[in-house]
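Text of the file coords_15.cif, holding mmCIF, C-alpha atoms:
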data_structure
#
loop_
_atom_site.label_atom_id
_atom_site.label_comp_id
_atom_site.auth_asym_id
_atom_site.auth_seq_id
_atom_site.Cartn_x
_atom_site.Cartn_y
_atom_site.Cartn_z
CA MET V 1 74.75 163.67 19.49
CA ALA V 2 76.71 162.43 22.48
CA THR V 3 76.52 160.00 25.34
CA ASN V 4 77.23 161.38 28.78
CA LEU V 5 77.63 160.53 32.40
CA THR V 6 76.37 163.05 34.92
CA MET V 7 78.06 162.79 38.28
CA THR V 8 77.01 164.46 41.49
CA SER V 9 78.44 164.37 44.96
CA SER V 10 78.53 166.45 48.13
CA HIS V 11 82.17 167.14 47.26
CA LEU V 12 81.16 169.13 44.16
CA LYS V 13 79.69 172.22 45.85
CA GLN V 14 80.35 175.45 43.97
CA SER V 15 81.69 177.06 47.15
CA THR V 16 84.83 174.94 46.93
CA PRO V 17 87.72 177.15 45.73
CA SER V 18 88.90 176.11 42.28
CA ASN V 19 92.55 176.31 43.33
CA THR V 20 92.10 173.96 46.27
CA PRO V 21 92.65 170.28 45.42
CA ASN V 22 89.59 168.26 46.36
CA ARG V 23 90.58 164.78 47.42
CA GLY V 24 87.03 163.50 47.74
CA SER V 25 85.74 160.85 45.34
CA PRO V 26 82.55 161.90 43.51
CA CYS V 27 80.14 159.15 42.54
CA ILE V 28 78.11 158.69 39.38
CA GLY V 29 74.66 160.07 40.11
CA ALA V 30 72.89 159.68 36.75
CA PHE V 31 73.27 158.37 33.22
CA THR V 32 72.03 160.61 30.41
CA ILE V 33 71.95 160.46 26.61
CA GLN V 34 71.37 163.30 24.18
CA CYS V 35 68.77 162.99 21.44
CA ALA V 36 70.23 163.16 17.93
CA LYS V 37 67.18 165.14 16.70
CA CYS V 38 66.24 167.69 19.36
CA PHE V 39 69.52 167.61 21.35
CA LYS V 40 67.62 167.30 24.62
CA TRP V 41 68.97 165.19 27.45
CA ARG V 42 67.14 162.07 28.54
CA LEU V 43 67.80 160.23 31.77
CA VAL V 44 68.54 156.51 31.41
CA PRO V 45 67.11 154.56 34.36
CA THR V 46 69.81 151.90 34.78
CA LYS V 47 73.50 151.43 34.13
CA GLU V 48 72.78 148.28 32.15
CA LYS V 49 70.42 150.10 29.73
CA TYR V 50 72.92 152.93 29.38
CA GLU V 51 75.75 150.52 28.44
CA GLU V 52 73.43 148.74 26.00
CA ILE V 53 72.71 152.02 24.16
CA ARG V 54 76.30 153.21 24.33
CA GLU V 55 77.65 150.04 22.71
CA HIS V 56 76.09 150.90 19.32
CA ILE V 57 75.47 154.64 19.66
CA ILE V 58 77.32 155.51 16.45
CA GLN V 59 75.53 152.96 14.30
CA GLU V 60 72.19 153.54 16.06
CA PRO V 61 71.93 157.20 17.18
CA PHE V 62 69.67 157.74 20.17
CA GLU V 63 66.32 159.50 19.70
CA CYS V 64 63.66 160.42 22.20
CA GLU V 65 61.30 157.75 20.86
CA ARG V 66 63.62 155.07 22.22
CA ALA V 67 63.19 156.48 25.71
CA ARG V 68 59.61 155.17 25.56
CA GLU V 69 61.07 151.86 26.72
CA TRP V 70 61.12 153.36 30.22
CA LYS V 71 59.15 156.62 29.73
CA PRO V 72 55.94 156.06 27.71
CA ASP V 73 54.75 158.64 25.17
CA VAL V 74 57.85 160.84 25.43
CA THR V 75 58.65 162.91 22.31
CA CYS V 76 61.11 165.59 21.26
CA ASP V 77 58.44 168.18 22.13
CA ASP V 78 58.68 167.33 25.83
CA PRO V 79 61.06 169.27 28.08
CA GLU V 80 64.45 167.69 28.64
CA ASP V 81 64.89 165.54 31.73
CA ILE V 82 68.04 167.26 32.96
CA SER V 83 70.14 170.28 32.02
CA GLN V 84 73.68 171.44 32.53
CA ASP V 85 72.91 174.04 35.20
CA GLY V 86 76.23 173.82 37.02
CA SER V 87 74.90 171.83 39.96
CA ARG V 88 76.48 168.60 38.71
CA LEU V 89 79.76 167.51 37.26
CA TRP V 90 79.27 166.40 33.68
CA ALA V 91 81.65 164.17 31.76
CA ILE V 92 81.61 163.06 28.14
CA ASP V 93 81.78 159.29 27.86
CA LYS V 94 83.41 157.40 25.00
CA PRO V 95 81.00 155.96 22.40
CA ASN V 96 80.78 152.34 21.29
CA ILE V 97 82.39 150.83 24.38
CA ALA V 98 81.49 147.14 24.47
CA ARG V 99 79.35 145.87 27.28
CA ALA V 100 81.16 143.78 29.87
CA PRO V 101 80.89 140.00 29.39
CA ASN V 102 78.18 138.15 31.30
CA GLY V 103 79.06 137.97 34.97
CA TRP V 104 81.63 140.78 34.67
CA GLU V 105 81.19 144.42 35.73
CA ARG V 106 82.83 147.53 34.38
CA GLN V 107 83.27 150.20 37.05
CA ILE V 108 84.40 153.82 36.97
CA ARG V 109 85.90 155.48 40.03
CA ILE V 110 85.97 159.27 39.79
CA ARG V 111 88.98 160.95 41.33
CA GLY V 112 88.84 164.14 43.35
CA GLU V 113 89.30 167.56 41.81
CA GLY V 114 92.88 168.74 41.36
CA GLY V 115 94.37 165.36 40.50
CA THR V 116 96.30 164.46 37.37
CA LYS V 117 93.69 161.96 36.16
CA PHE V 118 89.91 162.21 36.03
CA ALA V 119 88.95 158.61 36.70
CA ASP V 120 90.05 154.99 36.93
CA VAL V 121 88.40 152.13 35.08
CA TYR V 122 88.53 148.55 36.27
CA TYR V 123 86.68 145.29 35.71
CA THR V 124 85.49 142.86 38.34
CA SER V 125 85.47 139.21 37.30
CA PRO V 126 82.78 136.72 38.39
CA SER V 127 85.21 135.51 41.06
CA GLY V 128 85.63 139.03 42.45
CA ARG V 129 89.07 139.71 40.96
CA LYS V 130 89.64 143.37 40.02
CA LEU V 131 91.58 144.02 36.83
CA ARG V 132 92.86 147.55 36.28
CA SER V 133 94.52 147.40 32.85
CA GLN V 134 94.40 145.56 29.55
CA VAL V 135 97.63 143.81 30.46
CA GLU V 136 96.03 142.40 33.60
CA VAL V 137 92.97 141.30 31.61
CA ASP V 138 95.07 139.45 29.02
CA LYS V 139 97.10 137.76 31.72
CA TYR V 140 94.00 136.77 33.69
CA LEU V 141 92.25 135.29 30.63
CA LYS V 142 95.40 133.34 29.79
CA GLU V 143 95.63 131.95 33.31
CA ASN V 144 91.90 131.11 33.32
CA PRO V 145 91.10 129.56 29.93
CA GLU V 146 87.59 128.62 31.04
CA TYR V 147 86.48 132.20 30.34
CA GLY V 148 87.71 131.93 26.76
CA GLU V 149 85.73 128.73 26.38
CA LYS V 150 82.64 130.70 27.40
CA GLY V 151 83.25 133.28 24.68
CA VAL V 152 84.98 135.99 26.71
CA LYS V 153 87.36 137.98 24.47
CA SER V 154 89.98 140.60 25.18
CA THR V 155 88.23 143.01 22.79
CA GLN V 156 85.25 143.19 25.17
CA PHE V 157 87.30 145.26 27.61
CA SER V 158 87.98 149.00 27.37
CA PHE V 159 89.83 151.24 29.81
CA GLN V 160 88.93 154.55 28.16
CA ILE V 161 87.85 157.13 30.70
CA PRO V 162 85.25 159.92 30.37
CA ARG V 163 86.33 163.53 29.86
CA PRO V 164 85.11 166.10 32.41
CA LEU V 165 83.42 169.24 31.10
CA ARG V 166 84.39 171.35 34.10
CA GLU V 167 87.43 173.40 33.22
CA ASN V 168 90.55 172.74 35.30
CA TYR V 169 88.98 169.81 37.14
CA VAL V 170 92.07 167.82 36.20
CA LYS V 171 95.46 169.34 36.85
CA HIS V 172 97.50 169.52 33.67
CA VAL V 173 101.15 168.75 34.31
CA LYS V 174 103.69 169.75 31.70
CA LYS V 175 105.93 166.87 30.80
CA ARG V 176 109.62 167.51 31.09
CA PRO V 177 111.60 166.96 27.91
CA LYS V 178 113.47 163.70 27.89
CA LEU V 179 117.22 164.08 28.10
CA ALA V 180 118.85 162.60 25.05
CA SER V 181 121.60 160.05 25.58
CA PRO V 182 124.88 160.33 23.61
CA SER V 183 123.65 157.69 21.20
CA ASP V 184 120.36 159.55 20.69
CA GLU V 185 122.26 162.77 20.10
CA ALA V 186 124.42 161.03 17.50
CA ASN V 187 121.33 159.71 15.77
CA ILE V 188 119.81 163.18 15.73
CA ILE V 189 122.94 164.69 14.21
CA THR V 190 123.39 162.04 11.55
CA SER V 191 119.72 161.97 10.68
CA LYS V 192 119.61 165.67 9.81
CA PRO V 193 119.55 166.23 6.04
CA LEU V 194 122.53 167.99 4.57
CA GLN V 195 121.80 171.62 3.80
CA PRO V 196 123.24 173.26 0.65
CA VAL V 197 126.08 175.67 1.44
CA GLU V 198 126.87 178.67 -0.74
CA ALA V 199 130.22 178.22 -2.49
CA ASN V 200 132.72 181.10 -2.50
CA PRO V 201 135.32 180.27 -5.21
CA ILE V 202 138.85 181.56 -4.66
CA SER V 203 140.51 183.37 -7.59
CA TRP V 204 144.28 183.58 -7.86
CA ALA V 205 147.04 184.27 -10.42
CA ALA V 206 150.84 183.93 -10.47
CA PRO V 207 152.94 187.14 -10.49
CA PRO V 208 153.48 188.35 -14.10
CA THR V 209 156.99 187.92 -15.59
CA HIS V 210 156.52 190.51 -18.34
CA GLU V 211 154.02 193.13 -19.40
CA GLY V 212 152.05 190.72 -21.55
CA GLN V 213 151.12 188.68 -18.54
CA ALA V 214 149.38 191.58 -16.79
CA SER V 215 146.33 191.16 -18.95
CA GLU V 216 146.50 187.39 -18.36
CA GLN V 217 146.39 187.97 -14.60
CA VAL V 218 143.26 190.04 -15.02
CA SER V 219 141.63 187.28 -17.04
CA HIS V 220 142.55 184.77 -14.34
CA ALA V 221 140.82 186.85 -11.71
CA ALA V 222 137.73 187.18 -13.90
CA ASP V 223 137.63 183.45 -14.57
CA PRO V 224 138.69 181.69 -11.32
CA PHE V 225 137.78 178.23 -12.55
CA GLY V 226 139.85 178.52 -15.77
CA SER V 227 142.82 180.28 -14.14
CA VAL V 228 144.39 177.08 -12.87
CA GLU V 229 144.36 175.42 -16.28
CA ALA V 230 145.69 178.59 -17.99
CA GLU V 231 148.55 178.91 -15.53
CA LEU V 232 149.60 175.30 -16.02
CA THR V 233 149.61 175.79 -19.81
CA ARG V 234 151.76 178.89 -19.47
CA LYS V 235 154.28 177.05 -17.30
CA ARG V 236 154.49 174.15 -19.76
CA LYS V 237 155.28 176.55 -22.61
CA ALA V 238 157.97 178.31 -20.56
CA GLU V 239 159.65 175.06 -19.60
CA SER V 240 161.19 173.77 -22.85
CA SER V 241 163.68 170.82 -22.99
CA PRO V 242 167.40 171.51 -22.31
CA GLY V 243 168.47 170.01 -25.68
CA GLU V 244 166.42 172.46 -27.68
CA VAL V 245 167.80 175.44 -25.78
CA ASN V 246 171.47 174.38 -26.30
CA ALA V 247 171.00 173.81 -30.03
CA SER V 248 169.62 177.27 -30.60
CA ASP V 249 172.45 178.81 -28.57
CA GLU V 250 175.14 177.08 -30.74
CA LEU V 251 173.59 178.26 -34.02
CA LYS V 252 173.60 181.94 -33.07
CA PRO V 253 177.46 182.56 -33.47
CA LYS V 254 177.59 180.57 -36.73
CA ILE V 255 174.85 182.65 -38.27
CA GLU V 256 176.64 185.82 -37.19
CA ASP V 257 179.98 184.62 -38.75
CA ALA V 258 178.27 183.81 -42.03
CA GLN V 259 176.84 187.28 -42.17
CA ASN V 260 180.39 188.70 -41.63
CA GLY V 261 181.87 186.63 -44.51
CA ASP V 262 183.68 184.06 -42.37
CA THR V 263 183.31 180.68 -44.10
CA SER V 264 185.82 178.78 -41.98
CA THR V 265 184.72 175.75 -40.12
CA ALA V 266 185.81 174.48 -36.78
#
What does this structure look like when you write it as C-alpha coordinates?
Amino acid sequence: MATNLTMTSSHLKQSTPSNTPNRGSPCIGAFTIQCAKCFKWRLVPTKEKYEEIREHIIQEPFECERAREWKPDVTCDDPEDISQDGSRLWAIDKPNIARAPNGWERQIRIRGEGGTKFADVYYTSPSGRKLRSQVEVDKYLKENPEYGEKGVKSTQFSFQIPRPLRENYVKHVKKRPKLASPSDEANIITSKPLQPVEANPISWAAPPTHEGQASEQVSHAADPFGSVEAELTRKRKAESSPGEVNASDELKPKIEDAQNGDTSTA
(Lines of atoms letter the chains of each structure in order from A and count residues from 1; the text may use other names and numbers.)
(Lines give C-alpha, C1' and ligand atoms only; values in the text may rest on other atoms or scores of the structure.)
Protein backbone atom coordinates (compact mmCIF):
# COMPACT_ATOMS: atom_id res chain seq x y z
CA MET A 1 0.00 0.00 0.00
CA ALA A 2 1.28 3.45 -0.87
CA THR A 3 0.11 6.90 -1.82
CA ASN A 4 1.68 8.43 -4.89
CA LEU A 5 1.86 11.49 -7.03
CA THR A 6 2.25 10.97 -10.76
CA MET A 7 3.83 13.90 -12.53
CA THR A 8 4.01 14.49 -16.25
CA SER A 9 5.46 17.29 -18.29
CA SER A 10 6.82 17.96 -21.76
CA HIS A 11 10.24 18.17 -20.08
CA LEU A 12 10.14 14.46 -19.17
CA LYS A 13 10.56 12.95 -22.65
CA GLN A 14 12.62 9.76 -22.69
CA SER A 15 14.84 11.18 -25.45
CA THR A 16 16.44 13.57 -22.97
CA PRO A 17 19.95 12.28 -22.14
CA SER A 18 20.18 11.16 -18.52
CA ASN A 19 23.49 12.96 -18.03
CA THR A 20 22.14 16.30 -19.19
CA PRO A 21 20.69 18.45 -16.38
CA ASN A 22 17.10 19.37 -17.18
CA ARG A 23 16.28 22.77 -15.77
CA GLY A 24 12.60 22.63 -16.68
CA SER A 25 9.98 22.43 -13.94
CA PRO A 26 7.63 19.44 -14.32
CA CYS A 27 4.09 19.86 -13.05
CA ILE A 28 1.87 17.43 -11.17
CA GLY A 29 -0.34 15.77 -13.76
CA ALA A 30 -2.31 13.26 -11.68
CA PHE A 31 -2.91 11.99 -8.16
CA THR A 32 -3.05 8.22 -7.69
CA ILE A 33 -3.49 5.84 -4.76
CA GLN A 34 -2.74 2.13 -4.64
CA CYS A 35 -5.33 -0.33 -3.38
CA ALA A 36 -4.26 -2.21 -0.27
CA LYS A 37 -5.97 -5.40 -1.54
CA CYS A 38 -5.29 -5.74 -5.26
CA PHE A 39 -2.36 -3.27 -5.48
CA LYS A 40 -3.90 -1.60 -8.52
CA TRP A 41 -3.59 2.14 -9.03
CA ARG A 42 -6.66 4.33 -8.90
CA LEU A 43 -6.78 7.91 -10.12
CA VAL A 44 -8.06 10.46 -7.60
CA PRO A 45 -10.05 13.21 -9.34
CA THR A 46 -9.04 16.21 -7.23
CA LYS A 47 -6.15 17.38 -5.09
CA GLU A 48 -8.52 17.99 -2.19
CA LYS A 49 -9.81 14.38 -2.21
CA TYR A 50 -6.26 13.08 -2.50
CA GLU A 51 -5.12 15.09 0.56
CA GLU A 52 -8.20 13.92 2.48
CA ILE A 53 -7.29 10.25 1.86
CA ARG A 54 -3.59 10.79 2.46
CA GLU A 55 -4.16 12.35 5.89
CA HIS A 56 -5.33 9.04 7.41
CA ILE A 57 -3.94 6.51 4.93
CA ILE A 58 -2.14 4.47 7.60
CA GLN A 59 -5.14 4.19 9.91
CA GLU A 60 -7.58 3.80 7.00
CA PRO A 61 -5.87 1.94 4.11
CA PHE A 62 -7.31 2.73 0.70
CA GLU A 63 -9.34 0.08 -1.15
CA CYS A 64 -10.96 0.16 -4.54
CA GLU A 65 -14.45 0.29 -3.00
CA ARG A 66 -13.71 3.80 -1.73
CA ALA A 67 -13.10 4.95 -5.29
CA ARG A 68 -16.85 4.51 -5.83
CA GLU A 69 -17.18 8.02 -4.40
CA TRP A 70 -16.11 9.28 -7.83
CA LYS A 71 -16.19 6.07 -9.94
CA PRO A 72 -19.39 4.04 -9.33
CA ASP A 73 -19.30 0.23 -9.23
CA VAL A 74 -15.50 -0.04 -9.41
CA THR A 75 -14.00 -3.18 -7.84
CA CYS A 76 -10.61 -4.84 -7.53
CA ASP A 77 -11.53 -6.96 -10.58
CA ASP A 78 -11.47 -3.90 -12.84
CA PRO A 79 -8.28 -2.95 -14.68
CA GLU A 80 -6.12 -0.34 -12.98
CA ASP A 81 -6.60 3.27 -14.01
CA ILE A 82 -2.93 3.98 -14.67
CA SER A 83 0.33 2.04 -14.75
CA GLN A 84 4.00 2.79 -14.41
CA ASP A 85 4.85 2.48 -18.11
CA GLY A 86 7.74 4.96 -18.11
CA SER A 87 5.81 7.76 -19.79
CA ARG A 88 5.43 9.68 -16.53
CA LEU A 89 7.60 10.62 -13.62
CA TRP A 90 6.35 8.89 -10.50
CA ALA A 91 7.11 9.98 -6.96
CA ILE A 92 6.24 8.37 -3.64
CA ASP A 93 4.46 10.82 -1.36
CA LYS A 94 4.69 10.82 2.43
CA PRO A 95 1.69 9.28 4.25
CA ASN A 96 -0.41 10.95 6.93
CA ILE A 97 0.44 14.53 6.00
CA ALA A 98 -2.19 16.79 7.54
CA ARG A 99 -4.46 18.74 5.27
CA ALA A 100 -3.77 22.45 5.10
CA PRO A 101 -5.96 24.63 7.37
CA ASN A 102 -9.07 26.19 5.88
CA GLY A 103 -8.13 28.99 3.52
CA TRP A 104 -4.52 27.77 3.23
CA GLU A 105 -2.98 25.83 0.33
CA ARG A 106 -0.09 23.40 0.33
CA GLN A 107 1.83 23.46 -2.94
CA ILE A 108 4.63 21.34 -4.37
CA ARG A 109 6.99 22.70 -7.01
CA ILE A 110 8.95 20.00 -8.81
CA ARG A 111 12.51 20.88 -9.72
CA GLY A 112 14.15 19.97 -13.00
CA GLU A 113 16.16 16.81 -13.47
CA GLY A 114 19.79 16.94 -12.40
CA GLY A 115 19.31 19.20 -9.39
CA THR A 116 20.27 18.45 -5.81
CA LYS A 117 16.67 18.46 -4.56
CA PHE A 118 13.54 16.91 -6.03
CA ALA A 119 10.94 19.47 -4.99
CA ASP A 120 10.08 22.46 -2.82
CA VAL A 121 7.07 22.64 -0.53
CA TYR A 122 5.46 25.89 0.51
CA TYR A 123 2.18 27.11 1.97
CA THR A 124 0.12 30.05 0.81
CA SER A 125 -1.82 31.86 3.52
CA PRO A 126 -5.30 33.33 3.00
CA SER A 127 -3.62 36.72 2.54
CA GLY A 128 -1.38 35.37 -0.22
CA ARG A 129 1.81 35.12 1.85
CA LYS A 130 4.08 32.23 0.84
CA LEU A 131 5.83 30.38 3.65
CA ARG A 132 8.68 28.06 2.68
CA SER A 133 9.77 26.52 5.99
CA GLN A 134 8.48 25.58 9.42
CA VAL A 135 10.45 28.48 10.89
CA GLU A 136 8.59 30.91 8.64
CA VAL A 137 5.26 29.33 9.58
CA ASP A 138 5.93 29.63 13.32
CA LYS A 139 7.02 33.23 12.93
CA TYR A 140 4.01 34.11 10.79
CA LEU A 141 1.52 32.53 13.23
CA LYS A 142 3.18 34.40 16.10
CA GLU A 143 2.93 37.71 14.25
CA ASN A 144 -0.70 37.00 13.28
CA PRO A 145 -2.42 35.58 16.37
CA GLU A 146 -5.83 35.74 14.70
CA TYR A 147 -5.02 32.47 12.91
CA GLY A 148 -4.37 30.76 16.22
CA GLU A 149 -7.73 32.01 17.47
CA LYS A 150 -9.30 30.26 14.47
CA GLY A 151 -7.68 26.96 15.41
CA VAL A 152 -4.67 27.03 13.08
CA LYS A 153 -1.79 25.04 14.62
CA SER A 154 1.85 24.62 13.69
CA THR A 155 1.38 20.83 13.56
CA GLN A 156 -0.91 21.22 10.53
CA PHE A 157 2.08 22.10 8.36
CA SER A 158 4.54 19.63 6.82
CA PHE A 159 7.45 20.32 4.48
CA GLN A 160 8.22 16.70 3.63
CA ILE A 161 8.80 16.21 -0.07
CA PRO A 162 7.95 13.21 -2.29
CA ARG A 163 10.66 10.79 -3.40
CA PRO A 164 11.11 10.28 -7.16
CA LEU A 165 11.15 6.71 -8.47
CA ARG A 166 13.28 7.55 -11.50
CA GLU A 167 16.86 6.63 -10.77
CA ASN A 168 19.37 9.50 -10.81
CA TYR A 169 16.67 12.14 -11.25
CA VAL A 170 18.25 13.95 -8.30
CA LYS A 171 21.98 14.51 -8.32
CA HIS A 172 23.59 13.02 -5.24
CA VAL A 173 26.38 15.21 -3.93
CA LYS A 174 28.87 13.72 -1.52
CA LYS A 175 29.26 15.86 1.54
CA ARG A 176 32.79 16.88 2.38
CA PRO A 177 33.96 15.87 5.84
CA LYS A 178 33.92 18.73 8.29
CA LEU A 179 37.35 19.89 9.35
CA ALA A 180 37.78 19.48 13.07
CA SER A 181 38.89 22.51 15.06
CA PRO A 182 41.70 22.16 17.65
CA SER A 183 39.12 21.98 20.41
CA ASP A 184 37.20 19.25 18.56
CA GLU A 185 40.42 17.33 18.03
CA ALA A 186 41.20 17.57 21.74
CA ASN A 187 37.74 16.29 22.58
CA ILE A 188 38.18 13.38 20.19
CA ILE A 189 41.53 12.46 21.73
CA THR A 190 40.37 12.69 25.32
CA SER A 191 37.11 10.91 24.63
CA LYS A 192 38.83 7.79 23.28
CA PRO A 193 38.78 4.94 25.83
CA LEU A 194 42.11 3.82 27.13
CA GLN A 195 43.26 0.60 25.52
CA PRO A 196 45.09 -2.06 27.58
CA VAL A 197 48.81 -2.21 26.78
CA GLU A 198 50.84 -5.39 27.14
CA ALA A 199 53.36 -5.07 29.98
CA ASN A 200 56.96 -6.17 29.41
CA PRO A 201 58.57 -6.47 32.89
CA ILE A 202 62.30 -5.77 33.13
CA SER A 203 64.42 -8.34 35.02
CA TRP A 204 67.74 -7.36 36.54
CA ALA A 205 70.27 -8.54 39.16
CA ALA A 206 73.36 -7.03 40.82
CA PRO A 207 76.79 -8.51 39.93
CA PRO A 208 77.60 -11.48 42.23
CA THR A 209 80.28 -10.95 44.92
CA HIS A 210 80.98 -14.66 45.45
CA GLU A 211 80.07 -17.98 43.92
CA GLY A 212 77.00 -18.41 46.08
CA GLN A 213 75.40 -15.39 44.52
CA ALA A 214 75.50 -16.83 41.00
CA SER A 215 72.51 -18.99 41.71
CA GLU A 216 70.79 -15.99 43.32
CA GLN A 217 71.27 -13.98 40.13
CA VAL A 218 69.60 -16.74 38.15
CA SER A 219 66.65 -16.73 40.53
CA HIS A 220 66.38 -12.96 40.16
CA ALA A 221 66.14 -13.26 36.42
CA ALA A 222 63.49 -15.97 36.73
CA ASP A 223 61.46 -13.90 39.17
CA PRO A 224 61.72 -10.24 38.04
CA PHE A 225 59.10 -8.99 40.47
CA GLY A 226 60.78 -10.56 43.54
CA SER A 227 64.35 -9.68 42.49
CA VAL A 228 64.17 -6.14 43.83
CA GLU A 229 63.05 -7.23 47.28
CA ALA A 230 65.66 -10.03 47.40
CA GLU A 231 68.47 -7.68 46.45
CA LEU A 232 67.51 -5.18 49.13
CA THR A 233 67.48 -7.97 51.75
CA ARG A 234 70.93 -9.12 50.67
CA LYS A 235 72.32 -5.60 50.95
CA ARG A 236 70.85 -5.14 54.44
CA LYS A 237 72.53 -8.34 55.62
CA ALA A 238 75.88 -7.30 54.15
CA GLU A 239 75.75 -3.88 55.79
CA SER A 240 76.18 -4.58 59.52
CA SER A 241 76.81 -1.81 62.13
CA PRO A 242 80.42 -0.56 62.66
CA GLY A 243 80.32 -1.36 66.42
CA GLU A 244 79.65 -5.02 65.86
CA VAL A 245 82.48 -5.34 63.36
CA ASN A 246 85.06 -3.70 65.71
CA ALA A 247 84.09 -5.88 68.67
CA SER A 248 84.60 -9.08 66.74
CA ASP A 249 87.97 -7.84 65.45
CA GLU A 250 89.24 -7.15 69.03
CA LEU A 251 88.26 -10.61 70.31
CA LYS A 252 90.21 -12.49 67.64
CA PRO A 253 93.80 -11.85 69.07
CA LYS A 254 92.66 -12.56 72.65
CA ILE A 255 91.25 -15.91 71.68
CA GLU A 256 94.47 -16.75 69.86
CA ASP A 257 96.61 -15.80 72.95
CA ALA A 258 94.48 -17.96 75.22
CA GLN A 259 95.00 -20.90 72.94
CA ASN A 260 98.80 -20.30 73.12
CA GLY A 261 98.81 -20.25 76.96
CA ASP A 262 99.23 -16.49 77.39
CA THR A 263 97.07 -15.43 80.35
CA SER A 264 98.43 -11.91 80.70
CA THR A 265 96.09 -9.02 80.49
CA ALA A 266 96.63 -5.62 79.04
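Distance annotation: of V:Glu80, V:Ile28, V:Pro101, V:Asp73, the residue with the minimal separation from Gly148 in chain V is V:Pro101; atom set is only C-alpha atoms.
For the file at hand, the PyMOL selection byres ((chain V and resi 62) around 10) resolves to Met1, Ala2, Thr3, Ile33, Gln34, Cys35, Ala36, Lys37, Phe39, Arg42, Ile53, Arg54, His56, Ile57, Ile58, Gln59, Glu60, Pro61, Glu63, Cys64, Glu65, Arg66 and Ala67 of chain V.
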Given the choices V:Val44, V:Ile161, V:Leu89, V:Val135, which gets closest to Trp70 in chain V if the distance is worked out from all atoms listed in the file?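 With all atoms listed in the file as the atom set, the closest residue is V:Val44.
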Would you mind listing what lies within 12 Å of Leu131 in chain V as a list in words, with only C-alpha atoms counted and same-chain residues fewer than 4 positions away left out? Trp104, Glu105, Arg106, Gln107, Asp120, Val121, Tyr122, Tyr123, Thr124, Ser125, Pro126, Ser127, Val135, Glu136, Val137, Asp138, Lys139, Tyr140, Leu141, Phe157, Ser158 and Phe159 of chain V
Of the residues V:Thr233, V:Gln160, V:Asn168, V:Thr46, which is the one nearest to Lys94 in chain V, using all atoms listed in the file? V:Gln160
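If you look at CA of Thr116 in chain V and CA of Arg132 in chain V, they are 17.3 Å away from each other.
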Nearest-residue call for Lys40 in chain V, choices V:Glu55, V:Asp77, V:Glu146, V:Asp85, using all atoms listed in the file: V:Asp77
Go ahead and compute the interatomic distance for CA of Pro26 in chain V and CA of Tyr50 in chain V, in Å to one decimal.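 CA of Pro26 in chain V sits 19.3 Å away from CA of Tyr50 in chain V.
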Could you tell me, as a list of chain:residue names, exactly which residues end up selected when the PyMOL selection byres ((chain V and resi 81) around 9) is applied to this structure? V:Thr32, V:Lys40, V:Trp41, V:Arg42, V:Leu43, V:Asp78, V:Pro79, V:Glu80, V:Ile82, V:Ser83
Just to confirm, what's the straight-line distance from CA of Lys117 in chain V to CA of His172 in chain V in Å (one decimal)?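 That distance, rounded to one decimal, is 8.8 Å.
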Measuring between only C-alpha atoms, which one of V:Thr75, V:Gln134, V:Asn144, V:Ser87 shows the shortest distance to Gln156 in chain V? V:Gln134
Using all atoms listed in the file, can you tell me which of V:Glu51, V:Arg236, V:Ser133, V:Lys171 comes closest to Asp93 in chain V? V:Glu51
Might you pull out every residue within 7 Å of Tyr169 in chain V, with only C-alpha atoms counted and same-chain residues fewer than 3 positions away left off, and present them as a PyMOL selection string? chain V and resi 113-114+166
